[in-house]
Amino acid sequence: MEESSLLNKTSTQMEQANLFRETAGKVITCRAAIAWTTNAPLSIEKIEVDPPKAGEVRIKIIAAGLCGSDKHILEGKNKVPFPLILGHEGAGVVESIGEGVTSVKPGDKVLTFPLPECRECRFCLHPKGNFCVKEDILSPTGLMLDGTSRFTCRGRKIYNLYGTSTFTEYTVMHEIAVGKIDAAAPLEKVCILSCAVPTGFGAVFNTAKVTPGSTCVVFGLGGIGSAIVMACKASGASRIIGVDINEKKFPRARALGVTDCLNPENLNRPVQEVVVEMTGVGVDFAFEAIGYTNTMVAALESCHASYGVCVVIGIAPSNSHLFFDPMLILTGRTLKGDIMGEYKTRDSIPKLVTDYLQKKINTDPLITHSLPFEKINEAFALFQDVHGNWIVQNQIPDDEDGVQASTEMFLHAFHLLGDLLVIDKDQNWKECTSGI
């Protein structure tokens, strides 16, 4: 059996190599979910994906995540250029590389990062810095660093999201935003390690530095919130209070480590007042994983007045402003922001994949239920009433033009609402993605 498995795997790898040689340097036609405008469903279309230019990598996406920020973009809350391909949390296999690329090669399994690491700017070179100057998050252009796009649909230029775009069978990214991972990694499992998990883990381990015996409150029990809970428990927190308006999440939250669950809609006074009363003095550490200014203030007010630490992870709508009484921080509270868990993406996050393979961490509980790729718009609707996490497997035959469309999809809870993982496989990749 072992010899047969090895032969099958070797045969599959040879087929992959041959496939890549056929497409390298050529425009690839594939499917993608296009957001043409706000407040409208995504449209699954055939697109053209250009070959990578110098310093770029073209990736066959195997798994991708849909988070609350994607939903906010469709609702017009976060401003980005349209039309675009959403998705920033992904995992795939390198199809081809541009001139000068040295860190990955065709056939490598990789994670896609919405935050690059150029390893040259003052932020990347600083021991604690991770917000690379080549990011496209603060004021998204939707273009590559040379000011052009690699996506075309119906003759129109299509923008990317944060330099990533993973709701497509193929994407083109800068090498500085791609991390090579262990060849044994199951991409449909480790995909969430490209954004959600490191963001949650890092908020606890790197930003807040939660201590044994401490008290914590987590606003938002979605994917990032759940990762925060797991990390708080691993850090030895004695009490973890979970706050969410969806009580269907409470049983899973308790299973992950939450000791007390609060639904603000069922309280007769502000939730922060209840948290302070429950703990006597306020919590040692508060985490906001939703993305609304009122919950950010509530999290800050939940903290101990003298030494409480509040970490904001959620992305607020564009042009939002945070207002609070300055006396809240004069007494000694600390308010901190966090992006990607303060991890240097290329240097640090692939190590989390190794930890996963060595069973040092288990993020599988963040993935549960399923639905097919063609129901991606239904997945957005499910954000309003997501119960835990979602996983889907669905085989779709090639269409009449020969575009490979065999697809699997995975949805895991993220922020307050949910997170979607889209798995794109064709027969050539079945062994690569599910047999390792």
# chains A, B, ... in the order shown; residues from 1 in each chain; ligands from 1
>>> residues_around(residues="region 209-217 of chain A", least_positions_apart="4", cutoff="10 Å", atoms="only C-alpha atoms", output="PyMOL selection string")
chain A and resi 202-205+228-229+231-243+258-261+272+275+279+282-288+299+302-304+308-310
>>> residues_around(residues="region 349-354 of chain A", least_positions_apart="2", cutoff="12 Å", atoms="only C-alpha atoms", output="ChimeraX atom specification")
/A:91,109-113,115-117,130,177-187,189-199,201-202,340-347,356-363
>>> select_by_dssp(residues="region 126-216 of chain A", states="alpha helix (DSSP H)", output="PyMOL selection string")
chain A and resi 187-190+196-202
>>> residues_around(residues="region 93-95 of chain A", least_positions_apart="3", cutoff="8 Å", atoms="only C-alpha atoms", output="ChimeraX atom specification")
/A:20,23-24,57-62,104-110
>>> residues_around(residues="Gly25 (chain A)", least_positions_apart="5", cutoff="8 Å", atoms="only C-alpha atoms", output="list in words")
Pro51, Pro52 and Ser96 of chain A
>>> write_last_selection(atoms="N, CA, C and O atoms", output="PDB file, in the first residue's frame")
ATOM      1  N   PRO A  51       0.322  36.352 -17.149  1.00  0.00           N
ATOM      2  CA  PRO A  51       1.513  35.731 -16.533  1.00  0.00           C
ATOM      3  C   PRO A  51       2.130  36.694 -15.518  1.00  0.00           C
ATOM      4  O   PRO A  51       1.961  37.915 -15.615  1.00  0.00           O
ATOM      5  N   PRO A  52       2.868  36.190 -14.564  1.00  0.00           N
ATOM      6  CA  PRO A  52       3.500  37.064 -13.574  1.00  0.00           C
ATOM      7  C   PRO A  52       4.642  37.866 -14.182  1.00  0.00           C
ATOM      8  O   PRO A  52       5.388  37.363 -15.027  1.00  0.00           O
ATOM      9  N   SER A  96       3.545  29.425 -11.754  1.00  0.00           N
ATOM     10  CA  SER A  96       4.704  29.975 -12.467  1.00  0.00           C
ATOM     11  C   SER A  96       5.213  31.192 -11.713  1.00  0.00           C
ATOM     12  O   SER A  96       4.511  31.762 -10.871  1.00  0.00           O
TER      13      SER A  96
END
>>> atom_distance(atom1="CA of Val133 (chain A)", atom2="CA of Glu99 (chain A)")
22.1 Å
>>> closest_residue(among="A:Asn263, A:Ile44, A:Cys30, A:Val218", to="Ile376 (chain A)", atoms="only C-alpha atoms")
A:Ile44
>>> residues_around(residues="region 317-333 of chain A", least_positions_apart="6", cutoff="7 Å", atoms="only C-alpha atoms", output="PyMOL selection string")
chain A and resi 77-79+293+297+304-309
>>> write_last_selection(atoms="N, CA, C and O atoms", output="mmCIF file, in the first residue's frame")
data_model
loop_
_atom_site.group_PDB
_atom_site.id
_atom_site.type_symbol
_atom_site.label_atom_id
_atom_site.label_comp_id
_atom_site.auth_asym_id
_atom_site.auth_seq_id
_atom_site.Cartn_x
_atom_site.Cartn_y
_atom_site.Cartn_z
ATOM 1 N N LYS A 77 -19.164 49.640 3.061
ATOM 2 C CA LYS A 77 -18.634 50.220 4.297
ATOM 3 C C LYS A 77 -17.134 50.457 4.220
ATOM 4 O O LYS A 77 -16.623 51.410 4.808
ATOM 5 N N ASN A 78 -16.423 49.587 3.529
ATOM 6 C CA ASN A 78 -14.980 49.744 3.337
ATOM 7 C C ASN A 78 -14.717 50.062 1.872
ATOM 8 O O ASN A 78 -15.111 49.302 0.987
ATOM 9 N N LYS A 79 -14.076 51.173 1.618
ATOM 10 C CA LYS A 79 -13.919 51.678 0.254
ATOM 11 C C LYS A 79 -12.747 51.017 -0.471
ATOM 12 O O LYS A 79 -11.613 51.066 -0.017
ATOM 13 N N THR A 293 -16.855 50.840 15.922
ATOM 14 C CA THR A 293 -16.258 51.745 16.897
ATOM 15 C C THR A 293 -16.927 51.644 18.266
ATOM 16 O O THR A 293 -16.266 51.802 19.297
ATOM 17 N N VAL A 297 -14.928 50.876 21.874
ATOM 18 C CA VAL A 297 -15.016 51.660 23.107
ATOM 19 C C VAL A 297 -15.488 50.772 24.263
ATOM 20 O O VAL A 297 -14.981 50.862 25.383
ATOM 21 N N HIS A 304 -9.539 46.880 33.261
ATOM 22 C CA HIS A 304 -9.122 47.412 34.552
ATOM 23 C C HIS A 304 -8.574 48.825 34.339
ATOM 24 O O HIS A 304 -7.787 49.070 33.423
ATOM 25 N N ALA A 305 -8.982 49.760 35.205
ATOM 26 C CA ALA A 305 -8.631 51.169 35.005
ATOM 27 C C ALA A 305 -7.140 51.438 35.073
ATOM 28 O O ALA A 305 -6.635 52.354 34.410
ATOM 29 N N SER A 306 -6.407 50.641 35.840
ATOM 30 C CA SER A 306 -5.005 50.941 36.061
ATOM 31 C C SER A 306 -4.050 50.239 35.099
ATOM 32 O O SER A 306 -3.074 50.823 34.649
ATOM 33 N N TYR A 307 -4.362 48.978 34.779
ATOM 34 C CA TYR A 307 -3.406 48.224 33.955
ATOM 35 C C TYR A 307 -4.065 47.373 32.875
ATOM 36 O O TYR A 307 -3.416 46.522 32.275
ATOM 37 N N GLY A 308 -5.332 47.590 32.613
ATOM 38 C CA GLY A 308 -6.001 46.821 31.573
ATOM 39 C C GLY A 308 -5.459 47.126 30.182
ATOM 40 O O GLY A 308 -5.074 48.262 29.877
ATOM 41 N N VAL A 309 -5.406 46.090 29.344
ATOM 42 C CA VAL A 309 -4.912 46.228 27.971
ATOM 43 C C VAL A 309 -6.037 45.874 27.007
ATOM 44 O O VAL A 309 -6.638 44.801 27.106
#
>>> closest_residue(among="A:Lys134, A:His174, A:Lys46, A:Arg119", to="Gly100 (chain A)", atoms="only C-alpha atoms")
A:His174
>>> atom_distance(atom1="CA of Asp70 (chain A)", atom2="CA of Glu188 (chain A)")
19.5 Å
>>> select_by_dssp(residues="region 33-273 of chain A", states="strand (DSSP E or B)", output="ChimeraX atom specification")
/A:33-35,43-49,56-66,84-85,89-97,109-112,151-153,156-159,168,170-174,178-180,215-219,239-243,260-262
>>> closest_residue(among="A:Thr168, A:Asn160, A:Asn18, A:Ser69", to="Arg31 (chain A)", atoms="only C-alpha atoms")
A:Thr168
>>> atom_distance(atom1="CA of Lys71 (chain A)", atom2="CA of Gly223 (chain A)")
14.5 Å
>>> decode(residues="region 317-356 of chain A", atoms="N, CA and C atoms", output="PDB file, in the first residue's frame")
ATOM      1  N   PRO A 317     -15.404  50.537   9.449  1.00  0.00           N
ATOM      2  CA  PRO A 317     -15.759  51.086   8.142  1.00  0.00           C
ATOM      3  C   PRO A 317     -14.901  52.297   7.791  1.00  0.00           C
ATOM      4  N   SER A 318     -14.731  52.541   6.496  1.00  0.00           N
ATOM      5  CA  SER A 318     -13.921  53.674   6.033  1.00  0.00           C
ATOM      6  C   SER A 318     -14.438  54.984   6.622  1.00  0.00           C
ATOM      7  N   ASN A 319     -13.497  55.887   6.932  1.00  0.00           N
ATOM      8  CA  ASN A 319     -13.792  57.221   7.455  1.00  0.00           C
ATOM      9  C   ASN A 319     -14.418  57.193   8.851  1.00  0.00           C
ATOM     10  N   SER A 320     -14.289  56.084   9.564  1.00  0.00           N
ATOM     11  CA  SER A 320     -14.776  56.020  10.944  1.00  0.00           C
ATOM     12  C   SER A 320     -13.833  56.793  11.859  1.00  0.00           C
ATOM     13  N   HIS A 321     -14.371  57.253  12.965  1.00  0.00           N
ATOM     14  CA  HIS A 321     -13.564  57.928  13.971  1.00  0.00           C
ATOM     15  C   HIS A 321     -13.904  57.347  15.334  1.00  0.00           C
ATOM     16  N   LEU A 322     -12.876  57.186  16.148  1.00  0.00           N
ATOM     17  CA  LEU A 322     -13.047  56.579  17.463  1.00  0.00           C
ATOM     18  C   LEU A 322     -13.083  57.684  18.517  1.00  0.00           C
ATOM     19  N   PHE A 323     -14.192  57.756  19.260  1.00  0.00           N
ATOM     20  CA  PHE A 323     -14.346  58.776  20.288  1.00  0.00           C
ATOM     21  C   PHE A 323     -14.508  58.104  21.653  1.00  0.00           C
ATOM     22  N   PHE A 324     -13.733  58.549  22.623  1.00  0.00           N
ATOM     23  CA  PHE A 324     -13.886  58.047  23.986  1.00  0.00           C
ATOM     24  C   PHE A 324     -13.303  59.069  24.958  1.00  0.00           C
ATOM     25  N   ASP A 325     -13.686  58.942  26.207  1.00  0.00           N
ATOM     26  CA  ASP A 325     -13.214  59.819  27.265  1.00  0.00           C
ATOM     27  C   ASP A 325     -11.714  59.590  27.486  1.00  0.00           C
ATOM     28  N   PRO A 326     -10.878  60.613  27.310  1.00  0.00           N
ATOM     29  CA  PRO A 326      -9.427  60.425  27.481  1.00  0.00           C
ATOM     30  C   PRO A 326      -9.040  59.986  28.888  1.00  0.00           C
ATOM     31  N   MET A 327      -9.924  60.184  29.858  1.00  0.00           N
ATOM     32  CA  MET A 327      -9.629  59.716  31.217  1.00  0.00           C
ATOM     33  C   MET A 327      -9.502  58.195  31.263  1.00  0.00           C
ATOM     34  N   LEU A 328     -10.074  57.505  30.266  1.00  0.00           N
ATOM     35  CA  LEU A 328      -9.985  56.047  30.214  1.00  0.00           C
ATOM     36  C   LEU A 328      -8.540  55.571  30.114  1.00  0.00           C
ATOM     37  N   ILE A 329      -7.701  56.328  29.421  1.00  0.00           N
ATOM     38  CA  ILE A 329      -6.302  55.928  29.264  1.00  0.00           C
ATOM     39  C   ILE A 329      -5.375  56.686  30.213  1.00  0.00           C
ATOM     40  N   LEU A 330      -5.851  57.828  30.741  1.00  0.00           N
ATOM     41  CA  LEU A 330      -5.023  58.576  31.684  1.00  0.00           C
ATOM     42  C   LEU A 330      -4.755  57.756  32.936  1.00  0.00           C
ATOM     43  N   THR A 331      -5.703  56.908  33.314  1.00  0.00           N
ATOM     44  CA  THR A 331      -5.557  56.119  34.541  1.00  0.00           C
ATOM     45  C   THR A 331      -4.585  54.963  34.386  1.00  0.00           C
ATOM     46  N   GLY A 332      -4.212  54.638  33.154  1.00  0.00           N
ATOM     47  CA  GLY A 332      -3.237  53.567  32.960  1.00  0.00           C
ATOM     48  C   GLY A 332      -3.642  52.491  31.977  1.00  0.00           C
ATOM     49  N   ARG A 333      -4.886  52.538  31.494  1.00  0.00           N
ATOM     50  CA  ARG A 333      -5.279  51.563  30.470  1.00  0.00           C
ATOM     51  C   ARG A 333      -4.423  51.738  29.221  1.00  0.00           C
ATOM     52  N   THR A 334      -4.258  50.640  28.481  1.00  0.00           N
ATOM     53  CA  THR A 334      -3.496  50.669  27.233  1.00  0.00           C
ATOM     54  C   THR A 334      -4.408  50.252  26.088  1.00  0.00           C
ATOM     55  N   LEU A 335      -4.437  51.053  25.039  1.00  0.00           N
ATOM     56  CA  LEU A 335      -5.203  50.732  23.834  1.00  0.00           C
ATOM     57  C   LEU A 335      -4.225  50.464  22.702  1.00  0.00           C
ATOM     58  N   LYS A 336      -4.316  49.268  22.115  1.00  0.00           N
ATOM     59  CA  LYS A 336      -3.367  48.875  21.079  1.00  0.00           C
ATOM     60  C   LYS A 336      -4.100  48.354  19.847  1.00  0.00           C
ATOM     61  N   GLY A 337      -3.496  48.573  18.689  1.00  0.00           N
ATOM     62  CA  GLY A 337      -4.002  47.995  17.458  1.00  0.00           C
ATOM     63  C   GLY A 337      -3.218  46.740  17.114  1.00  0.00           C
ATOM     64  N   ASP A 338      -3.761  45.957  16.191  1.00  0.00           N
ATOM     65  CA  ASP A 338      -3.103  44.698  15.837  1.00  0.00           C
ATOM     66  C   ASP A 338      -3.461  44.335  14.400  1.00  0.00           C
ATOM     67  N   ILE A 339      -2.459  44.017  13.606  1.00  0.00           N
ATOM     68  CA  ILE A 339      -2.717  43.511  12.257  1.00  0.00           C
ATOM     69  C   ILE A 339      -1.853  42.272  12.037  1.00  0.00           C
ATOM     70  N   MET A 340      -2.483  41.216  11.600  1.00  0.00           N
ATOM     71  CA  MET A 340      -1.810  39.932  11.386  1.00  0.00           C
ATOM     72  C   MET A 340      -1.048  39.466  12.622  1.00  0.00           C
ATOM     73  N   GLY A 341      -1.574  39.834  13.799  1.00  0.00           N
ATOM     74  CA  GLY A 341      -0.991  39.338  15.038  1.00  0.00           C
ATOM     75  C   GLY A 341       0.436  39.783  15.303  1.00  0.00           C
ATOM     76  N   GLU A 342       0.844  40.884  14.648  1.00  0.00           N
ATOM     77  CA  GLU A 342       2.219  41.382  14.758  1.00  0.00           C
ATOM     78  C   GLU A 342       3.241  40.397  14.205  1.00  0.00           C
ATOM     79  N   TYR A 343       2.777  39.374  13.493  1.00  0.00           N
ATOM     80  CA  TYR A 343       3.717  38.431  12.878  1.00  0.00           C
ATOM     81  C   TYR A 343       4.310  39.044  11.612  1.00  0.00           C
ATOM     82  N   LYS A 344       5.591  38.845  11.401  1.00  0.00           N
ATOM     83  CA  LYS A 344       6.189  39.124  10.103  1.00  0.00           C
ATOM     84  C   LYS A 344       5.746  37.967   9.211  1.00  0.00           C
ATOM     85  N   THR A 345       4.934  38.281   8.227  1.00  0.00           N
ATOM     86  CA  THR A 345       4.164  37.242   7.539  1.00  0.00           C
ATOM     87  C   THR A 345       5.011  36.131   6.923  1.00  0.00           C
ATOM     88  N   ARG A 346       5.952  36.481   6.093  1.00  0.00           N
ATOM     89  CA  ARG A 346       6.743  35.432   5.407  1.00  0.00           C
ATOM     90  C   ARG A 346       7.687  34.697   6.348  1.00  0.00           C
ATOM     91  N   ASP A 347       8.216  35.421   7.334  1.00  0.00           N
ATOM     92  CA  ASP A 347       9.190  34.807   8.239  1.00  0.00           C
ATOM     93  C   ASP A 347       8.522  33.915   9.283  1.00  0.00           C
ATOM     94  N   SER A 348       7.347  34.320   9.751  1.00  0.00           N
ATOM     95  CA  SER A 348       6.776  33.672  10.933  1.00  0.00           C
ATOM     96  C   SER A 348       5.596  32.744  10.675  1.00  0.00           C
ATOM     97  N   ILE A 349       4.688  33.131   9.781  1.00  0.00           N
ATOM     98  CA  ILE A 349       3.446  32.367   9.651  1.00  0.00           C
ATOM     99  C   ILE A 349       3.653  30.956   9.097  1.00  0.00           C
ATOM    100  N   PRO A 350       4.563  30.731   8.135  1.00  0.00           N
ATOM    101  CA  PRO A 350       4.791  29.345   7.711  1.00  0.00           C
ATOM    102  C   PRO A 350       5.202  28.418   8.858  1.00  0.00           C
ATOM    103  N   LYS A 351       5.797  28.983   9.912  1.00  0.00           N
ATOM    104  CA  LYS A 351       6.178  28.170  11.075  1.00  0.00           C
ATOM    105  C   LYS A 351       4.938  27.669  11.807  1.00  0.00           C
ATOM    106  N   LEU A 352       3.837  28.436  11.732  1.00  0.00           N
ATOM    107  CA  LEU A 352       2.592  27.984  12.349  1.00  0.00           C
ATOM    108  C   LEU A 352       2.056  26.751  11.627  1.00  0.00           C
ATOM    109  N   VAL A 353       2.280  26.689  10.309  1.00  0.00           N
ATOM    110  CA  VAL A 353       1.877  25.506   9.549  1.00  0.00           C
ATOM    111  C   VAL A 353       2.666  24.291  10.030  1.00  0.00           C
ATOM    112  N   THR A 354       3.956  24.483  10.254  1.00  0.00           N
ATOM    113  CA  THR A 354       4.792  23.397  10.787  1.00  0.00           C
ATOM    114  C   THR A 354       4.289  22.965  12.159  1.00  0.00           C
ATOM    115  N   ASP A 355       3.925  23.935  12.992  1.00  0.00           N
ATOM    116  CA  ASP A 355       3.374  23.607  14.311  1.00  0.00           C
ATOM    117  C   ASP A 355       2.091  22.798  14.172  1.00  0.00           C
ATOM    118  N   TYR A 356       1.278  23.157  13.185  1.00  0.00           N
ATOM    119  CA  TYR A 356       0.027  22.422  12.947  1.00  0.00           C
ATOM    120  C   TYR A 356       0.327  20.973  12.552  1.00  0.00           C
TER     121      TYR A 356
END
